[in-house]
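Structure data follow from my_file_2.txt (compact mmCIF, C-alpha atoms):
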```txt
# COMPACT_ATOMS: atom_id res chain seq x y z
CA MET A 794 -25.50 -51.88 5.43
CA VAL A 795 -23.82 -49.31 3.15
CA ILE A 796 -26.78 -49.38 0.74
CA PHE A 797 -29.15 -48.79 3.67
CA LEU A 798 -27.33 -45.67 4.90
CA VAL A 799 -26.53 -44.26 1.45
CA ALA A 800 -30.18 -44.58 0.42
CA PHE A 801 -31.26 -42.61 3.48
CA VAL A 802 -28.79 -39.77 2.80
CA VAL A 803 -29.58 -39.61 -0.93
CA LEU A 804 -33.34 -39.48 -0.34
CA LEU A 805 -32.90 -36.64 2.16
CA VAL A 806 -30.61 -34.68 -0.15
CA ILE A 807 -33.00 -34.84 -3.12
CA GLY A 808 -35.84 -33.51 -0.96
CA VAL A 809 -37.94 -36.61 -0.27
CA PRO A 810 -40.10 -36.10 2.87
CA ILE A 811 -38.35 -37.31 6.02
CA SER A 812 -40.94 -39.99 6.80
CA ILE A 813 -40.62 -41.52 3.31
CA SER A 814 -36.81 -41.24 3.39
CA ILE A 815 -36.62 -43.11 6.67
CA GLY A 816 -39.21 -45.73 5.71
CA ALA A 817 -37.91 -46.43 2.20
CA SER A 818 -34.29 -46.76 3.30
CA ALA A 819 -35.30 -49.00 6.22
CA VAL A 820 -37.31 -51.28 3.90
CA LEU A 821 -34.39 -51.36 1.46
CA GLY A 822 -32.11 -52.28 4.35
CA CYS A 823 -34.39 -55.13 5.41
CA LEU A 824 -34.53 -56.47 1.83
CA SER A 825 -30.78 -56.18 1.18
CA LEU A 826 -29.86 -57.76 4.50
CA GLY A 827 -32.31 -60.63 4.12
CA TYR A 828 -34.61 -59.86 7.06
CA PRO A 829 -38.09 -61.50 7.00
CA LEU A 830 -40.61 -59.17 5.37
CA VAL A 831 -42.97 -59.59 8.31
CA VAL A 832 -40.47 -57.56 10.38
CA ILE A 833 -41.33 -54.42 8.40
CA GLY A 834 -44.96 -54.39 9.47
CA GLN A 835 -44.28 -55.63 13.00
CA LYS A 836 -41.73 -52.95 13.83
CA MET A 837 -43.71 -50.08 12.33
CA VAL A 838 -46.84 -51.08 14.22
CA SER A 839 -45.00 -51.71 17.49
CA GLY A 840 -43.48 -48.23 17.22
CA VAL A 841 -46.87 -46.55 17.53
CA ASP A 842 -48.65 -49.23 19.57
CA SER A 843 -48.58 -47.23 22.78
CA PHE A 844 -51.35 -45.89 25.00
CA LEU A 845 -49.12 -42.92 25.80
CA LEU A 846 -48.89 -41.87 22.13
CA ILE A 847 -52.66 -41.38 21.97
CA ALA A 848 -51.89 -38.04 23.65
CA VAL A 849 -50.10 -36.80 20.50
CA PRO A 850 -53.15 -36.42 18.20
CA LEU A 851 -55.29 -35.21 21.09
CA PHE A 852 -52.92 -32.37 22.07
CA ILE A 853 -52.61 -31.43 18.39
CA LEU A 854 -56.42 -31.28 18.19
CA ALA A 855 -56.61 -29.22 21.40
CA GLY A 856 -54.17 -26.67 19.96
CA ASN A 857 -56.11 -26.43 16.70
CA LEU A 858 -59.42 -25.99 18.53
CA MET A 859 -57.98 -23.18 20.64
CA ASN A 860 -56.67 -21.38 17.59
CA ALA A 861 -59.88 -21.83 15.59
CA GLY A 862 -62.06 -20.96 18.58
CA LYS A 863 -60.26 -17.61 19.07
CA ILE A 864 -59.17 -18.69 22.54
CA THR A 865 -55.63 -17.66 21.63
CA GLU A 866 -56.84 -14.09 21.08
CA LYS A 867 -58.11 -13.99 24.67
CA ILE A 868 -54.72 -15.22 25.88
CA PHE A 869 -52.78 -12.60 23.91
CA ASP A 870 -55.07 -9.75 24.99
CA THR A 871 -54.56 -10.71 28.63
CA ALA A 872 -50.78 -10.95 28.19
CA LYS A 873 -50.81 -7.51 26.53
CA GLU A 874 -52.56 -5.94 29.52
CA LEU A 875 -50.23 -7.74 31.93
CA VAL A 876 -46.80 -6.86 30.48
CA GLY A 877 -47.58 -4.43 27.66
CA TRP A 878 -46.42 -1.46 29.77
CA ILE A 879 -42.78 -2.66 29.70
CA PRO A 880 -40.63 -1.16 26.88
CA GLY A 881 -41.23 -3.44 23.91
CA GLY A 882 -44.55 -4.35 25.50
CA LEU A 883 -46.11 -6.35 22.67
CA GLY A 884 -42.90 -8.35 22.32
CA HIS A 885 -43.14 -9.29 26.00
CA ALA A 886 -46.84 -10.07 25.55
CA ASN A 887 -45.82 -12.34 22.68
CA VAL A 888 -43.57 -14.35 25.00
CA VAL A 889 -46.02 -14.49 27.92
CA ALA A 890 -48.86 -15.57 25.62
CA SER A 891 -46.65 -18.33 24.22
CA ILE A 892 -45.93 -19.60 27.75
CA ILE A 893 -49.65 -19.72 28.54
CA PHE A 894 -50.54 -21.31 25.21
CA ALA A 895 -47.69 -23.79 25.72
CA GLY A 896 -49.66 -25.13 28.68
CA MET A 897 -52.41 -26.19 26.28
CA SER A 898 -51.02 -27.28 22.91
CA GLY A 899 -47.48 -28.63 23.45
CA SER A 900 -46.56 -27.78 19.86
CA ALA A 901 -44.21 -25.13 18.48
CA VAL A 902 -45.88 -25.27 15.07
CA ALA A 903 -49.36 -24.75 16.60
CA ASP A 904 -48.01 -21.71 18.46
CA ALA A 905 -46.27 -20.26 15.41
CA GLY A 906 -49.14 -20.90 13.01
CA GLY A 907 -52.06 -19.87 15.22
CA LEU A 908 -51.12 -17.58 18.08
CA GLY A 909 -48.13 -16.31 16.07
CA ALA A 910 -50.34 -14.77 13.38
CA ILE A 911 -52.29 -12.80 16.02
CA GLU A 912 -49.10 -11.66 17.76
CA MET A 913 -47.39 -10.51 14.56
CA GLU A 914 -50.42 -8.58 13.33
CA ALA A 915 -50.70 -6.73 16.66
CA MET A 916 -46.99 -5.88 16.68
CA LYS A 917 -46.96 -4.62 13.08
CA THR A 918 -50.08 -2.53 13.66
CA ASN A 919 -48.40 -0.84 16.63
CA GLY A 920 -45.24 0.18 14.77
CA TYR A 921 -42.90 -2.76 15.38
CA ASP A 922 -40.60 -3.82 12.55
CA GLU A 923 -42.03 -6.78 10.67
CA ASP A 924 -38.71 -8.63 10.88
CA PHE A 925 -38.47 -8.09 14.62
CA ALA A 926 -42.07 -9.25 15.12
CA GLY A 927 -41.38 -12.40 13.12
CA ALA A 928 -38.18 -13.16 15.04
CA VAL A 929 -39.86 -12.74 18.45
CA THR A 930 -42.77 -14.91 17.37
CA ALA A 931 -40.47 -17.65 16.09
CA ALA A 932 -38.25 -17.63 19.19
CA SER A 933 -41.18 -17.64 21.62
CA SER A 934 -42.83 -20.58 19.83
CA VAL A 935 -39.95 -22.78 21.02
CA ILE A 936 -41.34 -22.54 24.56
CA GLY A 937 -44.38 -24.61 23.51
CA PRO A 938 -42.70 -28.04 23.49
CA ILE A 939 -40.73 -27.31 26.70
CA PHE A 940 -43.44 -26.01 29.02
CA PRO A 941 -45.96 -28.80 29.75
CA PRO A 942 -47.68 -30.43 28.01
CA SER A 943 -45.18 -31.30 25.30
CA ILE A 944 -45.58 -33.60 22.30
CA PRO A 945 -41.79 -34.20 21.90
CA LEU A 946 -41.48 -35.04 25.61
CA ILE A 947 -44.31 -37.57 25.20
CA ILE A 948 -42.36 -39.19 22.35
CA TYR A 949 -39.16 -39.16 24.43
CA GLY A 950 -40.97 -40.70 27.41
CA SER A 951 -42.44 -43.41 25.19
CA VAL A 952 -39.11 -44.34 23.60
CA ALA A 953 -36.98 -44.01 26.74
CA SER A 954 -39.56 -45.48 29.17
CA VAL A 955 -39.33 -42.40 31.40
CA SER A 956 -42.19 -40.92 33.46
CA VAL A 957 -43.89 -38.32 31.27
CA ASP A 958 -45.34 -36.66 34.39
CA LYS A 959 -41.80 -35.96 35.61
CA LEU A 960 -40.69 -34.84 32.15
CA PHE A 961 -43.59 -32.39 31.98
CA MET A 962 -42.83 -30.93 35.40
CA GLY A 963 -39.13 -30.83 34.51
CA GLY A 964 -39.94 -28.50 31.62
CA VAL A 965 -41.63 -25.84 33.76
CA VAL A 966 -38.55 -24.01 35.09
CA PRO A 967 -36.60 -24.17 31.79
CA GLY A 968 -39.69 -22.87 29.96
CA VAL A 969 -40.03 -19.91 32.32
CA LEU A 970 -36.26 -19.28 32.22
CA MET A 971 -36.32 -19.25 28.42
CA GLY A 972 -39.19 -16.76 28.48
CA LEU A 973 -37.37 -14.43 30.89
CA LEU A 974 -34.16 -14.45 28.84
CA LEU A 975 -36.11 -13.72 25.66
CA MET A 976 -37.81 -10.80 27.42
CA VAL A 977 -34.41 -9.40 28.41
CA MET A 978 -33.35 -9.51 24.76
CA ILE A 979 -36.62 -7.84 23.69
CA LEU A 980 -36.13 -5.12 26.33
CA GLY A 981 -32.68 -4.34 24.90
CA PHE A 982 -34.04 -4.01 21.36
CA ALA A 983 -36.98 -1.90 22.57
CA ILE A 984 -34.76 0.60 24.38
CA VAL A 985 -32.39 0.97 21.40
CA ARG A 986 -35.17 1.24 18.81
CA LYS A 987 -37.53 3.22 21.07
CA TYR A 988 -40.53 0.99 20.53
CA GLU A 989 -43.77 2.27 22.03
CA ARG A 990 -45.29 0.51 24.99
CA HIS A 991 -48.86 -0.14 25.97
CA SER A 992 -49.95 2.04 28.91
CA PHE A 993 -50.89 0.17 32.08
CA HIS A 994 -54.54 0.24 33.16
CA PHE A 995 -55.34 -1.82 36.23
CA LYS A 996 -59.08 -1.85 35.53
CA ALA A 997 -58.52 -2.99 31.95
CA LEU A 998 -56.24 -5.77 33.20
CA ILE A 999 -58.82 -7.01 35.71
CA LYS A 1000 -61.61 -6.85 33.13
CA GLN A 1001 -59.56 -8.71 30.52
CA PHE A 1002 -58.37 -11.26 33.07
CA LEU A 1003 -61.88 -12.02 34.31
CA GLY A 1004 -63.11 -12.46 30.74
CA SER A 1005 -60.22 -14.81 29.93
CA ILE A 1006 -60.22 -16.97 33.07
CA PRO A 1007 -61.76 -20.01 31.31
CA ALA A 1008 -58.95 -19.96 28.74
CA LEU A 1009 -56.17 -19.16 31.22
CA ILE A 1010 -56.92 -21.92 33.73
CA THR A 1011 -56.40 -24.75 31.22
CA PRO A 1012 -52.65 -25.13 31.96
CA VAL A 1013 -53.40 -24.83 35.68
CA ILE A 1014 -55.83 -27.75 35.44
CA ILE A 1015 -53.26 -29.84 33.55
CA LEU A 1016 -50.39 -29.07 35.95
CA CYS A 1017 -52.50 -29.63 39.05
CA GLY A 1018 -53.67 -32.93 37.58
CA PHE A 1019 -50.10 -34.14 37.20
CA VAL A 1020 -49.04 -33.01 40.67
CA GLY A 1021 -52.12 -34.48 42.32
CA GLY A 1022 -51.96 -37.71 40.33
CA TRP A 1023 -55.51 -37.16 39.08
CA PHE A 1024 -54.81 -38.19 35.51
CA THR A 1025 -52.15 -39.46 33.11
CA PRO A 1026 -50.74 -37.45 30.18
CA THR A 1027 -53.09 -39.29 27.81
CA GLU A 1028 -56.09 -38.48 29.99
CA ALA A 1029 -54.87 -34.88 30.25
CA SER A 1030 -54.89 -34.60 26.46
CA SER A 1031 -58.51 -35.78 26.41
CA ILE A 1032 -59.45 -33.22 29.04
CA ALA A 1033 -57.69 -30.46 27.07
CA VAL A 1034 -59.71 -31.33 23.95
CA ILE A 1035 -63.06 -31.52 25.77
CA TYR A 1036 -62.43 -28.35 27.76
CA SER A 1037 -61.28 -26.28 24.76
CA LEU A 1038 -64.25 -27.53 22.74
CA LEU A 1039 -66.75 -26.64 25.47
CA ILE A 1040 -65.52 -23.10 26.08
CA ALA A 1041 -65.20 -22.39 22.33
CA LEU A 1042 -68.71 -23.70 21.63
CA PHE A 1043 -70.75 -22.63 24.62
CA LEU A 1044 -68.88 -19.83 26.40
CA TYR A 1045 -67.15 -17.78 23.70
CA ARG A 1046 -69.33 -19.18 20.88
CA THR A 1047 -66.52 -18.82 18.36
CA LEU A 1048 -66.55 -22.29 16.79
CA ASP A 1049 -68.96 -23.46 14.11
CA TRP A 1050 -69.44 -26.89 12.52
CA LYS A 1051 -67.40 -26.14 9.40
CA THR A 1052 -64.44 -24.87 11.44
CA PHE A 1053 -64.67 -27.85 13.78
CA CYS A 1054 -64.51 -30.27 10.85
CA LYS A 1055 -61.47 -28.42 9.49
CA CYS A 1056 -59.78 -28.75 12.90
CA LEU A 1057 -60.42 -32.50 12.84
CA LYS A 1058 -59.02 -32.82 9.32
CA ASP A 1059 -55.90 -30.73 10.03
CA SER A 1060 -55.26 -32.58 13.28
CA ALA A 1061 -55.65 -35.96 11.57
CA ILE A 1062 -53.12 -35.00 8.87
CA SER A 1063 -50.58 -33.66 11.39
CA SER A 1064 -51.04 -36.66 13.69
CA ALA A 1065 -50.73 -39.17 10.86
CA ASN A 1066 -47.49 -37.54 9.72
CA THR A 1067 -46.02 -37.58 13.24
CA LEU A 1068 -47.04 -41.17 14.01
CA PHE A 1069 -45.91 -42.40 10.58
CA ILE A 1070 -42.49 -40.88 11.24
CA ILE A 1071 -42.36 -42.69 14.61
CA GLY A 1072 -43.34 -45.98 12.95
CA THR A 1073 -40.79 -45.78 10.14
CA SER A 1074 -38.10 -44.56 12.55
CA THR A 1075 -38.72 -47.60 14.76
CA LEU A 1076 -38.02 -49.87 11.78
CA PHE A 1077 -34.95 -47.80 10.90
CA THR A 1078 -33.51 -48.06 14.43
CA TYR A 1079 -34.18 -51.81 14.42
CA VAL A 1080 -31.98 -52.20 11.35
CA MET A 1081 -29.34 -49.94 12.94
CA ALA A 1082 -29.32 -52.02 16.12
CA MET A 1083 -29.22 -55.37 14.30
CA GLU A 1084 -26.25 -54.21 12.20
CA GLY A 1085 -24.41 -52.71 15.19
CA ILE A 1086 -24.56 -49.16 13.84
CA SER A 1087 -26.04 -47.76 17.07
CA ARG A 1088 -23.19 -49.23 19.12
CA GLN A 1089 -20.57 -47.93 16.69
CA MET A 1090 -22.02 -44.40 16.83
CA ALA A 1091 -22.07 -44.51 20.63
CA ASP A 1092 -18.44 -45.70 20.70
CA VAL A 1093 -17.41 -42.82 18.41
CA ILE A 1094 -19.05 -40.26 20.70
CA LEU A 1095 -17.57 -41.82 23.85
CA GLY A 1096 -14.18 -42.04 22.18
CA ILE A 1097 -13.97 -38.26 21.85
CA SER A 1098 -13.45 -37.72 25.58
CA SER A 1099 -13.97 -39.30 28.98
CA ASN A 1100 -15.17 -35.98 30.43
CA PRO A 1101 -19.00 -35.97 30.84
CA ALA A 1102 -19.12 -32.20 30.21
CA VAL A 1103 -17.39 -32.64 26.86
CA ILE A 1104 -19.63 -35.57 25.91
CA LEU A 1105 -22.72 -33.48 26.64
CA LEU A 1106 -21.33 -30.66 24.51
CA VAL A 1107 -20.75 -33.09 21.63
CA ILE A 1108 -24.29 -34.48 21.97
CA ASN A 1109 -25.71 -30.96 21.98
CA ILE A 1110 -23.79 -29.97 18.84
CA LEU A 1111 -24.88 -33.18 17.09
CA LEU A 1112 -28.55 -32.63 17.99
CA LEU A 1113 -28.45 -28.95 17.03
CA VAL A 1114 -27.17 -29.86 13.57
CA LEU A 1115 -29.75 -32.63 13.15
CA GLY A 1116 -32.51 -30.35 14.46
CA MET A 1117 -31.82 -27.88 11.66
CA VAL A 1118 -32.62 -30.41 8.94
CA MET A 1119 -34.88 -33.10 10.43
CA GLU A 1120 -38.21 -33.39 12.23
CA PRO A 1121 -37.85 -33.71 16.05
CA GLY A 1122 -39.96 -36.87 16.28
CA ALA A 1123 -37.72 -38.61 13.77
CA ILE A 1124 -34.53 -37.52 15.54
CA LEU A 1125 -35.84 -38.71 18.90
CA THR A 1126 -36.79 -42.14 17.58
CA LEU A 1127 -33.59 -42.54 15.57
CA MET A 1128 -31.03 -41.16 18.01
CA LEU A 1129 -32.30 -42.19 21.44
CA PRO A 1130 -31.15 -45.83 21.02
CA VAL A 1131 -27.68 -44.34 20.48
CA LEU A 1132 -27.80 -41.64 23.16
CA LEU A 1133 -29.61 -43.37 26.03
CA PRO A 1134 -26.83 -45.93 26.69
CA ILE A 1135 -24.37 -43.02 26.76
CA ALA A 1136 -26.55 -41.11 29.23
CA ASN A 1137 -26.89 -44.18 31.43
CA GLY A 1138 -23.16 -44.81 31.24
CA LEU A 1139 -22.46 -41.26 32.39
CA GLY A 1140 -24.96 -41.61 35.23
CA LEU A 1141 -27.20 -38.83 33.92
CA ASP A 1142 -30.74 -38.42 35.16
CA LEU A 1143 -32.99 -39.35 32.22
CA VAL A 1144 -35.55 -36.67 33.08
CA HIS A 1145 -32.82 -34.03 32.91
CA PHE A 1146 -31.41 -35.61 29.74
CA GLY A 1147 -34.85 -35.69 28.09
CA VAL A 1148 -35.60 -32.02 28.67
CA MET A 1149 -32.10 -31.13 27.45
CA VAL A 1150 -32.55 -33.16 24.25
CA VAL A 1151 -36.00 -31.75 23.47
CA LEU A 1152 -34.91 -28.16 24.18
CA ASN A 1153 -31.99 -28.69 21.82
CA LEU A 1154 -34.21 -29.99 19.03
CA MET A 1155 -36.68 -27.15 19.47
CA ILE A 1156 -33.91 -24.59 18.93
CA GLY A 1157 -33.33 -26.33 15.61
CA GLN A 1158 -36.95 -25.53 14.69
CA VAL A 1159 -36.06 -21.81 14.53
CA THR A 1160 -32.49 -22.09 13.25
CA PRO A 1161 -31.79 -21.15 9.62
CA PRO A 1162 -31.94 -22.45 6.98
CA PHE A 1163 -34.48 -25.25 7.57
CA GLY A 1164 -36.21 -24.38 10.87
CA VAL A 1165 -39.83 -25.38 10.31
CA CYS A 1166 -41.24 -22.59 12.50
CA LEU A 1167 -39.49 -20.04 10.29
CA PHE A 1168 -41.25 -21.51 7.26
CA VAL A 1169 -44.62 -21.46 9.05
CA ILE A 1170 -44.31 -17.81 10.13
CA SER A 1171 -42.98 -16.79 6.73
CA ASP A 1172 -45.91 -18.50 4.98
CA VAL A 1173 -48.66 -17.27 7.32
CA ASN A 1174 -47.43 -13.67 7.38
CA LYS A 1175 -46.07 -13.42 3.81
CA LEU A 1176 -42.62 -12.51 5.11
CA LYS A 1177 -39.53 -13.37 3.05
CA LEU A 1178 -37.43 -16.15 4.55
CA GLU A 1179 -34.19 -14.25 3.96
CA ARG A 1180 -35.41 -11.49 6.28
CA MET A 1181 -36.49 -14.03 8.89
CA TYR A 1182 -33.07 -15.69 8.84
CA LYS A 1183 -31.28 -12.44 9.63
CA ALA A 1184 -33.78 -11.22 12.23
CA VAL A 1185 -33.95 -14.43 14.26
CA LEU A 1186 -30.19 -14.85 14.79
CA PRO A 1187 -29.91 -12.57 17.88
CA PHE A 1188 -32.76 -14.46 19.53
CA LEU A 1189 -30.87 -17.71 19.26
CA VAL A 1190 -28.52 -16.34 21.95
CA PRO A 1191 -31.00 -16.57 24.88
CA LEU A 1192 -32.23 -19.93 23.58
CA VAL A 1193 -28.72 -21.41 23.44
CA LEU A 1194 -27.90 -19.85 26.82
CA THR A 1195 -30.94 -21.60 28.30
CA LEU A 1196 -29.75 -24.87 26.73
CA LEU A 1197 -26.29 -24.51 28.29
CA LEU A 1198 -27.76 -23.72 31.72
CA VAL A 1199 -30.09 -26.71 31.50
CA THR A 1200 -27.25 -28.97 30.30
CA TYR A 1201 -24.75 -28.13 33.03
CA ILE A 1202 -27.08 -27.31 35.95
CA PRO A 1203 -29.36 -30.37 36.13
CA GLY A 1204 -31.23 -28.96 39.14
CA ILE A 1205 -32.98 -26.48 36.85
CA VAL A 1206 -34.84 -29.47 35.43
CA THR A 1207 -34.91 -31.98 38.27
CA TRP A 1208 -35.78 -29.77 41.25
CA LEU A 1209 -39.50 -29.39 40.53
CA PRO A 1210 -40.43 -32.96 39.46
CA TYR A 1211 -38.54 -34.60 42.30
CA THR A 1212 -39.95 -32.13 44.82
CA LEU A 1213 -43.59 -32.45 43.74
CA LEU A 1214 -43.66 -35.97 42.32
CA ALA A 1215 -41.18 -37.77 44.56
```

Using structure tokens, write down the structure from this file.
Amino acid sequence: MVIFLVAFVVLLVIGVPISISIGASAVLGCLSLGYPLVVIGQKMVSGVDSFLLIAVPLFILAGNLMNAGKITEKIFDTAKELVGWIPGGLGHANVVASIIFAGMSGSAVADAGGLGAIEMEAMKTNGYDEDFAGAVTAASSVIGPIFPPSIPLIIYGSVASVSVDKLFMGGVVPGVLMGLLLMVMILGFAIVRKYERHSFHFKALIKQFLGSIPALITPVIILCGFVGGWFTPTEASSIAVIYSLLIALFLYRTLDWKTFCKCLKDSAISSANTLFIIGTSTLFTYVMAMEGISRQMADVILGISSNPAVILLVINILLLVLGMVMEPGAILTLMLPVLLPIANGLGLDLVHFGVMVVLNLMIGQVTPPFGVCLFVISDVNKLKLERMYKAVLPFLVPLVLTLLLVTYIPGIVTWLPYTLLA
């Protein structure tokens, strides 16, 4: 058991990719503990053998198609006309566009890498500090995996056997709340730094809105489908792909064959990485469970206090630290067998707990020094990481505040799903 855990830590420290670190240490654990070799293949396959997980590659593909098909530009232009007149207008447009795009892709990286490049270029062109533009873009990308659809919530629902429809609806209010708190922070910076704002033109707003309706109604279709029970999350991902492909090809005519093939290739690579992590993590958690490590970790957490509020704080701190250095899919698959018995023991609603966990991990995606969204924005926009680290710190305040509100006021999450999907 010691060899198994030490191997995992050593591989991570020396920079081996997380999926290989998890898989190699799990295989080593199986060999050293004398488990049948057939277990390795069985557990890895069973980890991804889920109809629900088909939605992961499809939502990734939908996000890539929207970025490549310039649909994200339509979204940002509409957001700019809608809220650009507020001090710090393009910063607010950045947040609003991320909320709308979140209703299509479900991925923070897709938001940061695609829509984020458009947002940053517009902000820099209009006199905003490059660091500020990067920080706003990074912080707003976190909304993607909270507002439905959400790839991490799909993984959570698959592992925890919780209704993904309810998880998706549970993310709506926290996603909007996060956006509003970020906009308050942007407003404060804009007033102090005297950033220019985009003048309001009602006719321009109507014209831009009418031209962007096909792109803007995608999240409406998805949300209405969940509420009405018209389709499952997996079916919704298929609809998102088909719809984005149709409007990019035939309405906006912004997608050619070469770009389409690149979208397929990029989506396949991203999906394979995510699903491989889930597979290897399933094997890893099997070894943990067989050796009693999961139970020991749960006992340590429960031994800290008998107060549910304190336990939730400890879980949040643990996940925030893990989220800074590990991929969310891996953390979900590895830690949920430890955390779910604790949540059940405390009588927590698993929809509320799921949104809290995913929100926590997404904050880690923009937290220095290893937040993956920071790396993406730095790479795409040729912005030094050291500058990103400093600029993004103030924007962690509204994100953490949202996390605390979601943690200790469960109704923020549970009100909508249990009202509409009861």

* Asked: Nearest to A:Gly1122 among A:Val849, A:Val1193, A:Ala817, A:Leu1141, with distances taken over all atoms listed in the file: which residue is it?
  -> A:Val849

* Asked: If we count all atoms listed in the file, what is near stretch 1088-1091 of chain A at a cut-off of 10 Å, once residues fewer than 3 positions away on the same chain are taken out, given as a PyMOL selection string?
  -> chain A and resi 1081-1085+1094-1096+1128+1130-1135

* Asked: Hey, what's within 9 Å of stretch 1101-1112 of chain A if we count all atoms listed in the file and toss same-chain stuff fewer than 6 positions away? As a list in words, please?
  ->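 What passes the distance filter is Ile1094, Leu1095, Ile1124, Met1128, Leu1132, Ile1135, Ala1136, Leu1139, Met1149, Val1150, Asn1153, Leu1154, Gly1157, Leu1196, Leu1197, Thr1200 and Tyr1201 of chain A.
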
* To do: Determine the nearest neighbour of A:Leu1143 from the options A:Met978, A:Leu804, A:Ala928, A:Leu946, counting all atoms listed in the file.
  => A:Leu946

* Distance criterion (only C-alpha atoms): nearest to A:Ala890 out of A:Phe869, A:Trp878, A:Tyr1045, A:Tyr988 -> A:Phe869

Pull C-alpha atoms for stretch 979-1033 of chain A from the block and write them as a compact mmCIF listing (two decimals), in the first residue's frame.
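Result written to result17.txt:
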```
# COMPACT_ATOMS: atom_id res chain seq x y z
CA ILE A 979 -15.19 44.85 -12.45
CA LEU A 980 -17.31 47.94 -11.75
CA GLY A 981 -15.06 48.85 -8.82
CA PHE A 982 -11.91 48.55 -10.94
CA ALA A 983 -13.51 50.51 -13.79
CA ILE A 984 -14.46 53.44 -11.57
CA VAL A 985 -11.00 53.62 -9.96
CA ARG A 986 -9.10 53.25 -13.25
CA LYS A 987 -11.60 55.28 -15.29
CA TYR A 988 -12.02 52.72 -18.03
CA GLU A 989 -14.07 53.87 -21.01
CA ARG A 990 -17.48 52.40 -21.63
CA HIS A 991 -19.33 51.55 -24.79
CA SER A 992 -22.17 53.99 -25.48
CA PHE A 993 -25.66 52.50 -25.47
CA HIS A 994 -27.54 52.36 -28.78
CA PHE A 995 -30.92 50.69 -28.64
CA LYS A 996 -31.11 50.19 -32.41
CA ALA A 997 -27.65 48.62 -32.49
CA LEU A 998 -28.65 46.28 -29.66
CA ILE A 999 -31.81 45.16 -31.46
CA LYS A 1000 -29.94 44.68 -34.74
CA GLN A 1001 -27.16 42.69 -33.07
CA PHE A 1002 -29.64 40.65 -31.05
CA LEU A 1003 -31.73 39.72 -34.09
CA GLY A 1004 -28.62 38.67 -35.99
CA SER A 1005 -27.43 36.52 -33.06
CA ILE A 1006 -30.71 34.84 -32.12
CA PRO A 1007 -29.71 31.44 -33.60
CA ALA A 1008 -26.58 31.41 -31.44
CA LEU A 1009 -28.24 32.81 -28.32
CA ILE A 1010 -31.15 30.37 -28.15
CA THR A 1011 -28.93 27.29 -27.83
CA PRO A 1012 -28.83 27.39 -23.99
CA VAL A 1013 -32.57 28.13 -23.95
CA ILE A 1014 -33.23 24.98 -25.98
CA ILE A 1015 -31.05 22.91 -23.64
CA LEU A 1016 -32.61 24.28 -20.44
CA CYS A 1017 -36.16 23.96 -21.74
CA GLY A 1018 -35.39 20.38 -22.77
CA PHE A 1019 -34.34 19.49 -19.24
CA VAL A 1020 -37.32 21.19 -17.61
CA GLY A 1021 -39.79 19.67 -20.06
CA GLY A 1022 -38.20 16.23 -19.92
CA TRP A 1023 -37.75 16.24 -23.69
CA PHE A 1024 -34.25 14.80 -23.65
CA THR A 1025 -31.46 13.47 -21.43
CA PRO A 1026 -28.08 15.18 -20.96
CA THR A 1027 -26.54 12.82 -23.50
CA GLU A 1028 -29.24 13.61 -26.04
CA ALA A 1029 -28.80 17.32 -25.27
CA SER A 1030 -25.11 17.06 -26.14
CA SER A 1031 -26.03 15.54 -29.50
CA ILE A 1032 -28.50 18.33 -30.17
CA ALA A 1033 -25.87 20.95 -29.24
```
